[in-house]
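J.: Just one file: final.cif, with mmCIF, C-alpha atoms.
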```
data_data
loop_
_atom_site.label_atom_id
_atom_site.label_comp_id
_atom_site.auth_asym_id
_atom_site.auth_seq_id
_atom_site.Cartn_x
_atom_site.Cartn_y
_atom_site.Cartn_z
CA MET A 193 131.21 133.52 110.10
CA ALA A 194 127.47 133.17 109.62
CA LEU A 195 127.21 131.36 112.95
CA MET A 196 129.15 134.13 114.71
CA ASP A 197 126.88 136.80 113.20
CA PHE A 198 123.87 134.89 114.45
CA VAL A 199 125.29 134.66 117.95
CA LYS A 200 126.05 138.39 117.98
CA LYS A 201 122.47 139.23 117.14
CA GLN A 202 121.31 137.54 120.34
CA PHE A 203 123.05 140.18 122.45
CA ILE A 204 121.83 143.75 122.91
CA ASP A 205 124.54 146.40 123.02
CA ILE A 206 122.44 149.59 122.97
CA ILE A 207 119.20 150.19 124.81
CA GLU A 208 117.34 153.44 124.11
CA TRP A 209 113.88 154.84 123.33
CA VAL A 210 113.25 157.36 120.59
CA GLU A 211 109.66 158.54 121.12
CA ASP A 212 108.18 158.36 117.65
CA ARG A 213 104.61 159.31 118.60
CA ASP A 214 102.79 161.36 121.20
CA GLY A 215 100.66 160.03 124.00
CA VAL A 216 102.88 157.08 125.07
CA LEU A 217 103.46 156.90 128.81
CA ALA A 218 105.31 153.57 129.11
CA TRP A 219 107.16 151.46 126.51
CA ARG A 220 108.86 148.09 126.93
CA PHE A 221 112.14 147.64 125.07
CA PRO A 222 111.74 144.67 122.67
CA MET A 223 113.90 141.85 124.02
CA GLU A 224 112.64 138.96 121.86
CA ASP A 225 114.55 136.33 123.85
CA ARG A 226 117.76 138.30 123.51
CA GLU A 227 120.09 139.09 126.38
CA ILE A 228 121.71 142.37 127.36
CA GLN A 229 125.46 142.40 126.75
CA ASN A 230 127.51 142.94 129.88
CA GLY A 231 129.11 146.33 129.32
CA GLY A 232 126.34 147.42 126.98
CA SER A 233 125.01 150.97 126.78
CA LEU A 234 121.78 152.41 128.20
CA THR A 235 120.74 155.89 127.04
CA VAL A 236 117.96 157.68 128.90
CA ARG A 237 117.04 161.04 127.42
CA GLU A 238 115.70 164.10 129.17
CA SER A 239 112.00 163.70 129.99
CA GLN A 240 112.51 159.92 130.29
CA MET A 241 113.23 157.35 132.98
CA ALA A 242 114.13 153.67 132.59
CA VAL A 243 113.21 150.79 134.87
CA PHE A 244 114.91 147.37 134.93
CA VAL A 245 112.59 144.53 135.94
CA ASN A 246 113.95 141.11 136.83
CA GLU A 247 111.64 138.16 137.42
CA GLY A 248 108.68 140.47 137.88
CA LYS A 249 110.37 142.79 140.40
CA VAL A 250 111.74 146.28 139.83
CA ALA A 251 115.51 146.07 140.20
CA ASP A 252 116.83 149.50 139.24
CA VAL A 253 115.55 152.91 138.10
CA PHE A 254 117.64 155.18 135.86
CA GLY A 255 117.20 158.91 135.28
CA PRO A 256 118.44 160.87 132.24
CA GLY A 257 122.00 160.00 131.19
CA ARG A 258 124.20 157.39 129.48
CA TYR A 259 125.14 154.27 131.45
CA THR A 260 127.48 151.33 130.89
CA LEU A 261 125.71 148.22 132.15
CA THR A 262 128.00 146.38 134.53
CA THR A 263 127.78 145.05 138.06
CA ALA A 264 128.87 148.52 139.21
CA THR A 265 125.91 150.26 137.58
CA LEU A 266 123.41 147.49 138.34
CA PRO A 267 124.16 146.66 142.00
CA VAL A 268 120.71 145.25 142.62
CA LEU A 269 121.22 142.70 139.86
CA THR A 270 124.50 141.27 141.22
CA TYR A 271 122.67 138.29 142.66
CA LEU A 272 121.70 137.15 139.13
CA ARG A 273 123.24 134.00 137.72
CA ASN A 274 126.77 134.40 136.33
CA TRP A 275 127.12 137.93 137.78
CA ASP A 276 130.24 137.46 139.81
CA LYS A 277 133.61 139.14 139.73
CA LEU A 278 135.25 136.57 137.47
CA PHE A 279 132.62 135.59 134.93
CA ARG A 280 131.41 138.21 132.46
CA SER A 281 128.19 137.06 130.82
CA PRO A 282 125.11 138.58 129.19
CA PHE A 283 122.00 138.80 131.34
CA LYS A 284 118.25 138.82 130.76
CA SER A 285 116.08 141.57 132.18
CA ASP A 286 113.05 143.52 130.95
CA VAL A 287 113.60 147.25 130.40
CA TYR A 288 110.72 149.73 130.49
CA PHE A 289 110.96 153.37 129.48
CA PHE A 290 108.62 155.99 130.95
CA SER A 291 107.89 159.45 129.57
CA THR A 292 108.14 162.06 132.34
CA ARG A 293 107.17 165.10 130.27
CA GLN A 294 103.89 166.90 130.90
CA GLN A 295 100.78 165.48 129.29
CA ILE A 296 98.95 168.73 128.60
CA ASP A 297 95.42 169.69 127.58
CA GLN A 298 93.75 166.72 129.21
CA ARG A 299 90.03 167.41 129.43
CA TRP A 300 87.74 166.97 132.40
CA GLY A 301 84.06 167.82 132.67
CA THR A 302 80.72 166.85 134.18
CA ALA A 303 78.75 164.71 131.75
CA GLN A 304 75.80 165.13 134.10
CA PRO A 305 75.21 167.84 136.74
CA VAL A 306 77.03 167.12 139.99
CA THR A 307 75.14 167.67 143.25
CA ILE A 308 77.02 170.04 145.57
CA ARG A 309 76.08 170.89 149.15
CA ASP A 310 76.21 174.63 149.80
CA LYS A 311 75.74 176.36 153.15
CA ASP A 312 73.48 179.05 151.68
CA PHE A 313 71.34 177.07 149.22
CA GLY A 314 71.55 173.48 150.47
CA ALA A 315 71.91 170.88 147.71
CA VAL A 316 72.49 172.43 144.28
CA ARG A 317 73.50 170.96 140.92
CA LEU A 318 76.61 172.18 139.17
CA ARG A 319 78.13 171.66 135.72
CA ALA A 320 81.75 172.54 134.98
CA PHE A 321 84.58 171.68 132.62
CA GLY A 322 88.21 172.53 132.02
CA ASN A 323 91.59 170.89 131.41
CA TYR A 324 94.60 169.68 133.39
CA ALA A 325 98.20 168.58 132.92
CA TYR A 326 100.16 165.81 134.65
CA ARG A 327 103.40 163.84 134.40
CA ILE A 328 104.81 160.53 135.62
CA PHE A 329 106.66 161.37 138.82
CA GLU A 330 107.49 157.93 140.26
CA PRO A 331 107.89 155.36 137.45
CA LYS A 332 108.35 152.43 139.83
CA LEU A 333 105.01 153.18 141.49
CA PHE A 334 103.35 153.77 138.12
CA TYR A 335 104.66 150.42 136.87
CA ASN A 336 103.39 148.56 139.92
CA GLU A 337 99.99 150.27 140.06
CA ILE A 338 99.09 151.05 136.44
CA SER A 339 101.13 149.98 133.43
CA GLY A 340 102.46 146.60 134.57
CA THR A 341 103.94 144.31 131.91
CA ARG A 342 102.11 145.82 128.94
CA SER A 343 104.39 146.58 126.03
CA VAL A 344 102.80 150.02 125.52
CA TYR A 345 100.67 152.14 127.86
CA THR A 346 99.18 155.37 126.53
CA VAL A 347 97.49 158.55 127.73
CA ALA A 348 94.22 157.33 126.24
CA ASP A 349 94.38 154.18 128.39
CA LEU A 350 94.50 156.33 131.51
CA ASP A 351 92.10 159.08 130.47
CA GLY A 352 88.88 157.67 131.93
CA GLN A 353 90.45 156.92 135.32
CA LEU A 354 91.97 160.39 135.72
CA ARG A 355 88.81 162.12 134.54
CA GLY A 356 86.91 160.26 137.26
CA LEU A 357 89.45 161.32 139.89
CA MET A 358 88.94 164.95 138.93
CA LEU A 359 85.16 164.75 139.11
CA GLN A 360 84.99 162.97 142.45
CA ASN A 361 86.95 165.81 144.08
CA ILE A 362 84.74 168.67 142.87
CA SER A 363 82.63 168.68 146.05
CA ASP A 364 85.73 168.86 148.26
CA ALA A 365 87.14 171.63 146.07
CA VAL A 366 84.01 173.76 146.43
CA ALA A 367 84.01 173.26 150.19
CA SER A 368 87.72 174.04 150.64
CA SER A 369 87.88 176.99 148.25
CA GLY A 370 85.97 179.26 150.65
CA VAL A 371 84.26 180.88 147.66
CA PRO A 372 80.48 181.36 148.02
CA PHE A 373 78.58 179.22 145.55
CA LEU A 374 77.13 182.20 143.69
CA ASP A 375 80.66 183.59 143.22
CA LEU A 376 82.22 180.41 141.79
CA ALA A 377 81.68 181.45 138.18
CA ALA A 378 83.52 184.71 138.85
CA ASN A 379 86.37 183.07 140.81
CA GLN A 380 87.47 180.25 138.53
CA ILE A 381 91.16 180.59 139.42
CA GLU A 382 90.50 179.98 143.13
CA PHE A 383 88.21 177.08 142.29
CA ALA A 384 90.82 175.54 139.97
CA LYS A 385 93.50 175.81 142.68
CA ALA A 386 91.20 174.15 145.21
CA LEU A 387 90.38 171.37 142.73
CA GLN A 388 94.09 170.75 142.08
CA ASP A 389 94.82 170.54 145.82
CA ALA A 390 91.91 168.14 146.36
CA ALA A 391 92.86 165.80 143.48
CA THR A 392 96.66 165.79 143.99
CA PRO A 393 96.77 162.98 146.63
CA ALA A 394 94.80 160.62 144.37
CA PHE A 395 97.25 161.28 141.50
CA GLU A 396 100.26 160.72 143.75
CA LYS A 397 99.00 157.24 144.67
CA LEU A 398 99.40 156.32 141.00
CA GLY A 399 102.93 157.73 140.69
CA LEU A 400 101.68 160.88 138.94
CA LYS A 401 102.09 164.59 139.65
CA LEU A 402 99.17 166.88 138.87
CA GLU A 403 100.91 169.92 137.43
CA MET A 404 98.02 172.24 136.57
CA VAL A 405 94.23 172.51 136.58
CA THR A 406 92.14 175.10 134.79
CA VAL A 407 88.39 175.75 134.93
CA GLN A 408 87.01 177.04 131.65
CA ASN A 409 83.33 177.24 132.53
CA ILE A 410 80.96 176.83 135.47
CA SER A 411 77.23 176.56 134.77
CA LEU A 412 74.93 177.35 137.67
CA PRO A 413 71.34 176.08 137.88
CA GLU A 414 68.88 178.37 136.09
CA GLU A 415 67.22 179.63 139.26
CA LEU A 416 70.58 180.51 140.86
CA GLN A 417 71.79 182.12 137.65
CA LYS A 418 68.81 184.50 137.87
CA ILE A 419 69.82 185.44 141.43
CA LEU A 420 73.38 186.05 140.25
CA ASP A 421 72.14 188.26 137.41
CA GLN A 422 70.09 190.30 139.89
CA LYS A 423 73.11 190.63 142.16
CA ILE A 424 75.19 191.91 139.24
CA GLY A 425 72.42 194.35 138.32
CA MET A 426 72.26 195.64 141.88
CA GLY A 427 75.99 196.19 141.88
CA MET A 428 75.70 198.17 138.68
CA VAL A 429 72.97 200.55 139.94
CA GLY A 430 74.52 201.06 143.36
CA ASP A 431 71.71 201.21 145.93
CA THR A 432 68.32 199.64 146.66
CA ASN A 433 66.14 202.53 145.44
CA ARG A 434 67.95 202.71 142.13
CA PHE A 435 67.83 198.92 141.88
CA MET A 436 64.02 199.01 142.23
CA GLN A 437 63.86 201.64 139.48
CA TYR A 438 66.16 199.47 137.36
CA GLN A 439 63.90 196.43 137.82
CA THR A 440 60.77 198.48 137.08
CA ALA A 441 62.26 199.91 133.90
CA GLN A 442 63.17 196.38 132.79
CA ALA A 443 59.71 195.01 133.55
CA ILE A 444 57.45 197.76 132.11
CA PRO A 445 57.91 196.93 128.39
CA THR A 446 57.29 193.22 129.01
CA LEU A 447 54.23 193.89 131.16
CA ALA A 448 52.78 196.34 128.67
CA GLN A 449 53.30 193.91 125.81
CA GLY A 450 51.63 191.12 127.79
CA ALA A 451 48.69 193.37 128.51
CA GLY A 452 48.31 194.29 124.85
CA GLU A 453 48.57 190.69 123.61
CA GLY A 454 46.25 189.32 126.31
CA GLY A 455 43.22 190.86 124.66
CA GLY A 456 40.55 190.01 127.21
CA GLY A 457 39.95 188.52 130.61
CA VAL A 458 41.25 189.78 133.90
CA MET A 459 45.00 189.38 133.26
CA GLY A 460 45.28 192.09 130.59
CA PRO A 461 43.84 194.95 132.67
CA ALA A 462 45.63 193.69 135.78
CA VAL A 463 49.01 193.71 134.05
CA GLY A 464 48.32 197.15 132.60
CA LEU A 465 47.36 198.38 136.03
CA GLY A 466 50.58 196.97 137.51
CA ALA A 467 52.64 198.76 134.88
CA GLY A 468 50.78 201.99 135.63
CA VAL A 469 51.45 201.66 139.35
CA ALA A 470 55.14 200.98 138.72
CA LEU A 471 55.33 203.97 136.41
CA GLY A 472 53.70 206.14 139.02
CA GLN A 473 56.28 205.04 141.60
CA VAL A 474 59.16 205.89 139.28
CA LEU A 475 57.74 209.32 138.50
CA ALA A 476 57.01 210.02 142.14
CA ASN A 477 60.58 209.14 143.16
CA ASN A 478 62.02 211.35 140.43
CA LEU A 479 59.85 214.41 141.12
CA GLY A 480 59.65 214.01 144.90
CA GLN A 481 58.14 216.80 146.83
CA GLY A 482 58.27 219.18 143.91
CA LEU A 483 55.08 217.66 142.46
CA ALA A 484 53.35 217.21 145.80
CA ALA A 485 53.76 220.88 146.63
CA ASN A 486 51.44 221.82 143.74
CA ALA A 487 48.42 220.01 145.24
CA PRO A 488 45.25 222.14 145.82
CA GLY A 489 45.16 223.86 149.21
CA ALA A 490 48.91 223.77 149.77
CA PRO A 491 50.35 227.00 151.22
CA ALA A 492 51.92 229.26 148.63
CA ALA A 493 55.20 229.43 150.53
CA ALA A 494 55.45 225.62 150.71
CA ALA A 495 54.68 225.34 146.99
CA ALA A 496 57.37 227.88 146.14
CA GLN A 497 59.88 226.11 148.36
CA ALA A 498 59.08 222.69 146.83
CA ALA A 499 59.25 224.08 143.29
CA ALA A 500 62.62 225.60 144.03
CA GLY A 501 63.81 222.15 145.11
CA VAL A 502 63.13 220.62 141.68
CA LYS A 503 66.32 220.53 139.64
CA PRO A 504 65.98 221.34 135.92
CA GLU A 505 68.10 218.31 134.98
CA ASP A 506 65.74 216.01 136.93
CA VAL A 507 62.73 217.45 135.13
CA MET A 508 64.38 217.04 131.73
CA ALA A 509 65.44 213.48 132.57
CA THR A 510 61.85 212.65 133.55
CA ILE A 511 60.51 214.14 130.31
CA GLU A 512 62.98 212.00 128.36
CA LYS A 513 61.77 208.88 130.19
CA LEU A 514 58.16 209.82 129.42
CA ALA A 515 59.07 210.31 125.77
CA ASP A 516 60.62 206.83 125.73
CA LEU A 517 57.46 205.36 127.24
CA LYS A 518 55.38 207.19 124.62
CA GLY A 519 57.61 205.79 121.88
CA LYS A 520 56.99 202.27 123.22
CA GLY A 521 53.22 202.85 123.19
CA ILE A 522 52.84 202.80 126.96
CA LEU A 523 51.73 206.47 127.13
CA THR A 524 49.44 208.14 124.61
CA ALA A 525 50.42 211.42 122.97
CA GLU A 526 47.79 213.26 125.02
CA GLU A 527 49.09 211.80 128.30
CA PHE A 528 52.64 212.69 127.36
CA ASP A 529 51.74 216.29 126.44
CA ALA A 530 49.83 216.75 129.68
CA LYS A 531 52.69 215.44 131.82
CA LYS A 532 55.24 217.42 129.87
CA SER A 533 53.28 220.63 130.32
CA GLU A 534 52.90 219.94 134.04
CA LEU A 535 56.63 219.32 134.43
CA LEU A 536 57.68 222.38 132.48
CA LYS A 537 55.58 224.56 134.76
CA LYS A 538 57.88 223.54 137.60
CA LEU A 539 60.73 225.31 135.89
CA VAL A 540 58.87 228.66 135.68
#
```
Can you present the structure in this file as structure tokens?

T.:
Amino acid sequence: MALMDFVKKQFIDIIEWVEDRDGVLAWRFPMEDREIQNGGSLTVRESQMAVFVNEGKVADVFGPGRYTLTTATLPVLTYLRNWDKLFRSPFKSDVYFFSTRQQIDQRWGTAQPVTIRDKDFGAVRLRAFGNYAYRIFEPKLFYNEISGTRSVYTVADLDGQLRGLMLQNISDAVASSGVPFLDLAANQIEFAKALQDAATPAFEKLGLKLEMVTVQNISLPEELQKILDQKIGMGMVGDTNRFMQYQTAQAIPTLAQGAGEGGGGVMGPAVGLGAGVALGQVLANNLGQGLAANAPGAPAAAAAQAAAGVKPEDVMATIEKLADLKGKGILTAEEFDAKKSELLKKLV
């Protein structure tokens, strides 16, 4: 009886894989010099595939389902020893299971800036990162190209190779996306789709299917980021004249502070003078011909016509701007009162 129990243990009746941990792509069923019983059972669950390998060559591939292992279900193995119509005998063959479910949240990113050639700016350096998802699509090809005879092959074993495949296709993705370089950060979905299309052939050569790519962040070079910020600012203000006013309003406090902190030398007065000129341009654009009509020697009719053209809301808006400049220390109280009095006269 003991001898019979020992003999029974040398034969495998049930072959299956219960995935007990995440991140395993390929797993070899432990044979340990045992043989598969003719008429035994093979169970392949959903999100799995099984591959039979005989003498180093892939013999059969099984999708999800339950199979009885006979010459009818293993036609490629019929040439094996003792597999004829009359003699029923166990057989020896390696069985590998492959997980075909999606491996999600795989990270890709540029450890160092990647040089991209752009039609508008020439060679520029780009940093980006995101994630992607893939699955084993052709287990036979994956076995031959990647996992081989290893007993276990994991996602971590493949991570570096796939990350490199993603990065080497960034340049092609930028070129094929049709998105101007400055607009990449605002069009991440289009860029991600282009990157997926560019990297898919490289994944397919390994028996993998690239299911999804996302771009979480794109970092432009500092000098191009400044241009993008200006472009956004221009879009906010609407037209060129208002954009110039917007830039002047942004620059005046900084220039005035630099002039005050400079103390001496030529730079302090020069910066103060530049701020004064910019301020004069803003005021002139706001008041227009209404202020010019008040110049000495101007005909009374022209002055009246120009004064009538000054809108009260424009005058009040200009006074508010002057008050803001006085609050920031750019105008003195005397200068503010003088300008305010001059502007209020236009409303009389």

J.: Could you state which residues are captured by the PyMOL selection byres ((chain A and resi 359) around 9) in this file, as a PyMOL selection string?

T.: chain A and resi 300-302+306+354-358+360-363+391

J.: Since I can't run it myself right now, could you work out what the PyMOL selection byres ((chain A and resi 366) around 9) selects here and report it as a PyMOL selection string?

T.: chain A and resi 308-310+361-365+367-373+376+383+386-387

J.: Using C-alpha atoms, can you export the residues from the last selection as a PDB file, keeping the file's coordinate frame?

T.:
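So again10.pdb came out as:
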```pdb
ATOM      1  CA  ILE A 308      77.020 170.040 145.570  1.00  0.00           C
ATOM      2  CA  ARG A 309      76.080 170.890 149.150  1.00  0.00           C
ATOM      3  CA  ASP A 310      76.210 174.630 149.800  1.00  0.00           C
ATOM      4  CA  ASN A 361      86.950 165.810 144.080  1.00  0.00           C
ATOM      5  CA  ILE A 362      84.740 168.670 142.870  1.00  0.00           C
ATOM      6  CA  SER A 363      82.630 168.680 146.050  1.00  0.00           C
ATOM      7  CA  ASP A 364      85.730 168.860 148.260  1.00  0.00           C
ATOM      8  CA  ALA A 365      87.140 171.630 146.070  1.00  0.00           C
ATOM      9  CA  ALA A 367      84.010 173.260 150.190  1.00  0.00           C
ATOM     10  CA  SER A 368      87.720 174.040 150.640  1.00  0.00           C
ATOM     11  CA  SER A 369      87.880 176.990 148.250  1.00  0.00           C
ATOM     12  CA  GLY A 370      85.970 179.260 150.650  1.00  0.00           C
ATOM     13  CA  VAL A 371      84.260 180.880 147.660  1.00  0.00           C
ATOM     14  CA  PRO A 372      80.480 181.360 148.020  1.00  0.00           C
ATOM     15  CA  PHE A 373      78.580 179.220 145.550  1.00  0.00           C
ATOM     16  CA  LEU A 376      82.220 180.410 141.790  1.00  0.00           C
ATOM     17  CA  PHE A 383      88.210 177.080 142.290  1.00  0.00           C
ATOM     18  CA  ALA A 386      91.200 174.150 145.210  1.00  0.00           C
ATOM     19  CA  LEU A 387      90.380 171.370 142.730  1.00  0.00           C
TER      20      LEU A 387
END
```

J.: Quick one: residues within 10 Å of (116.3, 148.1, 142.2) (file frame), counting only C-alpha atoms, please, as JSON, numbers by chain.

T.: {"A": [243, 244, 245, 246, 249, 250, 251, 252, 253, 254, 266, 267, 268, 269, 332]}

J.: Of the residues A:Thr510, A:Asn230, A:Ser239, A:Gln388, which is the one nearest to Thr265 of chain A, using all atoms listed in the file?

T.: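 Using all atoms listed in the file, the shortest distance to Thr265 of chain A belongs to A:Asn230.
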
J.: Within 12 Å of Asp225 of chain A, counting only C-alpha atoms, which residues show up once you throw out same-chain ones fewer than 2 positions away? Write them as a list in words, please.

T.: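 In the requested form, the answer reads Lys201, Gln202, Phe203, Ile204, Phe221, Pro222, Met223, Glu227, Ile228, Phe283, Lys284, Ser285 and Asp286 of chain A.
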
J.: Given all atoms listed in the file as the basis, pick out the residue of A:Thr346, A:Gln422, A:Thr341, A:Gln295 nearest to Met404 of chain A.

T.: A:Gln295

J.: Select, from A:Val236, A:Val344, A:Leu333, A:Leu398, the residue with the minimum atom-to-atom distance to Arg258 of chain A, counting only C-alpha atoms.

T.: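 With only C-alpha atoms as the atom set, the closest residue is A:Val236.
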
J.: Can you tell me which residues surround segment 524-538 of chain A at a distance of at most 7 Å, considering all atoms listed in the file, apart from same-chain residues fewer than 6 positions away, and format the answer as a list of chain:residue names?

T.: A:Ala499, A:Val507, A:Ile511, A:Leu514, A:Lys518

J.: Find the spatial neighbours of Asn323 of chain A, counting only C-alpha atoms, within a cut-off of 8 Å - ignore same-chain residues fewer than 3 positions away - and output them as a PyMOL selection string.

T.: chain A and resi 297-300+405-408

J.: Rounded to one decimal in Å, what is the spacing between atom CA of Ala384 of chain A and atom CA of Arg293 of chain A?

T.: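 Here the two named atoms are 21.7 Å from each other.
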
J.: Evaluating the PyMOL selection byres ((chain A and resi 240) around 7) on the displayed file yields which residues, as a PyMOL selection string?

T.: chain A and resi 236-239+241-242+255-256+289-292

J.: Would you mind reading off the distance between atom CA of Gly399 of chain A and atom CA of Leu217 of chain A, one decimal, in Å?

T.: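 Computing it gives 11.9 Å between the two atoms.
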
J.: State, in Å with one decimal place, the distance from atom CA of Arg327 of chain A to atom CA of Ile207 of chain A.

T.: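 Computed distance, atom CA of Arg327 of chain A to atom CA of Ile207 of chain A, equals 23.0 Å.
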
J.: Which is closest to Arg319 of chain A among A:Glu337, A:Glu247, A:Glu414, A:Asp389, if we use only C-alpha atoms?

T.: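 Among the listed residues, the smallest separation from Arg319 of chain A belongs to A:Glu414.
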
J.: Edge lengths and centre in Å to one decimal, as AutoDock Vina command-line options, of the axis-aligned box that encloses all listed atoms of segment 378-385 of chain A with 4 Å added on every side?

T.:
```
--center_x 88.5 --center_y 180.1 --center_z 140.8 --size_x 18.0 --size_y 17.2 --size_z 12.6
```
